[in-house]
Every structure is written in structure tokens, then in C-alpha cells.
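Beneath this line is the structure, given in C-alpha cells, with notes to follow.
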Amino acid sequence: MFLIYSILIRQPAFQDKLLEIAIEKIAIPAPYLPEEDALTAVVCGSRSPINDPNRAEACILVQAGDKIFIFDTGNGSAQNLNDWNTPWNKVKGIFYTHLHSDHISDIADFHQGTWINWWTKRF
């Protein structure tokens with residue numbers, strides 16, 4: 001097997017195909033939500049109010065069939081959902097468990113982002 005791979009990796013057509021596959025995987029992220037009719041919950045933020053640059057604050061995305069509901073919009077959660085290529089046209093509502101700053105700080109980003117992302121993905 002190693003011998004076959006060693007020969008193939010030196011062939012331009014094989015190299016081109018590997019590069020094409022790599023670019024496709026990078027350019028089009030794999031969907032993180034199931035396609036079938038299911039109930040799914042995704043933690044899009046779980047940080048406490050204490051700053052941690054590697055985590056977003058409180059946010060839960062729930063997909064029920066083809067509808068998406070978001071619970072809380074803590075700092076950094078909108079960026080996570082944008083990075084994950086969330087289908088914004090399926091977001092049907094955003095709910096707040098309470099109004100502490102670590103649960104609502106991205107409210108403006110969600111308000112603007114759902115409209116802009118929805119509009120740009122229509123065309």
C-alpha cells in the first residue's frame with residue numbers, strides 16, 4: 001500500500017485531485033446540523049461572565065425539524081454561528097432565559113446578522 005501511495009503522490013493528476021478535495025473541504029464547511037427531521041441542541045456558547053478568549057458566552061441553538069430557535073445570545077455566540085455556516089433563514093425565534101449581560105450581549109449582532117445573512121443567502 002505504501003508503494004502504491006508513493007507512486008501516486010508523484011503524479012500531477014493525483015496531486016491535482018488531492019488539492020481539489022482539500023480546497024472543497026476548506027471552502028464549504030460540513031453542515032453541523034442534521035438534515036433529517038430531528039430535535040438537535042448545539043451549545044454555541046458556554047463561557048461564564050469571566051473572560052476567556054477561547055469561548056463564547058451563553059447560547060444554545062435548538063433545531064426542531066426545519067426550524068431553528070436560539071436561546072440566549074452571549075458575547076461571541078453570533079460569530080460562532082456565522083463561522084459554522086448557520087442557515088439563518090431557518091431561525092424562527094430568539095429567546096432569553098434572563099437579561100444578564102452574559103446572555104444578551106450579542107443581541108445587536110443577531111438582529112443585524114439574521115437580516116443580512118438571510119438576505120445575502122437568498123441570491
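Identifiers for the C-alpha cells are assigned positionally: chains receive A, B, ... in sequence, residues are indexed from 1 per chain, and ligands are indexed from 1 in the order shown.
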Per DSSP on the backbone, what are the strand (DSSP E or B) residues of chain A, as a ChimeraX atom specification? /A:39-45,47,57,59-64,67-71,91-95
Could you list, as a list in words, every residue within 6 Å of Asn75 of chain A, counting only C-alpha atoms and ignoring same-chain residues fewer than 6 positions away? Ala56, Glu57, Ser105 and Asp106 of chain A
Expected file contents, prior selection, N, CA and C atoms, as a compact mmCIF listing (two decimals), in the first residue's frame:
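Writing the result to result-v9.txt gives the following:
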```txt
# COMPACT_ATOMS: atom_id res chain seq x y z
N ALA A 56 -17.26 31.41 23.82
CA ALA A 56 -18.33 32.40 23.74
C ALA A 56 -19.21 32.27 24.97
N GLU A 57 -19.92 33.35 25.29
CA GLU A 57 -20.84 33.32 26.44
C GLU A 57 -22.12 32.57 26.07
N SER A 105 -25.45 40.01 25.32
CA SER A 105 -24.51 40.99 24.77
C SER A 105 -24.38 40.95 23.24
N ASP A 106 -24.71 39.86 22.59
CA ASP A 106 -24.66 39.81 21.12
C ASP A 106 -26.02 40.08 20.48
```
As a ChimeraX atom specification, please: every residue in segment 1-108 of chain A that DSSP puts in alpha helix (DSSP H). /A:2-8,12-27,77-83,101-104,107-108
Tell me, as a PyMOL selection string, which residues lie within 8 Å of segment 107-112 of chain A, counting only C-alpha atoms; anything in the same chain fewer than 5 positions away does not count. chain A and resi 73-74+78
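Take atom CA of Val43 of chain A and atom CA of Gln79 of chain A: the distance between them is 13.1 Å.
Closest to Ser77 of chain A among A:Leu3, A:Val91, A:Ile104, A:Leu99 is A:Ile104, based on only C-alpha atoms.
Compared by their closest atoms to Glu35 of chain A, and using only C-alpha atoms, the residues A:Gln63, A:Asn82, A:Asn54, A:Gln15 rank with A:Gln63 nearest.
A straight line drawn from atom CA of Ile26 of chain A to atom CA of Cys44 of chain A is 20.7 Å long.
What separates atom CA of Thr40 of chain A from atom CA of Pro87 of chain A is a distance of 14.3 Å.
Distances to Ser46 of chain A were evaluated for A:Ile4, A:Ile94, A:Leu61, A:Asn85 using only C-alpha atoms, and the minimum falls at A:Leu61.
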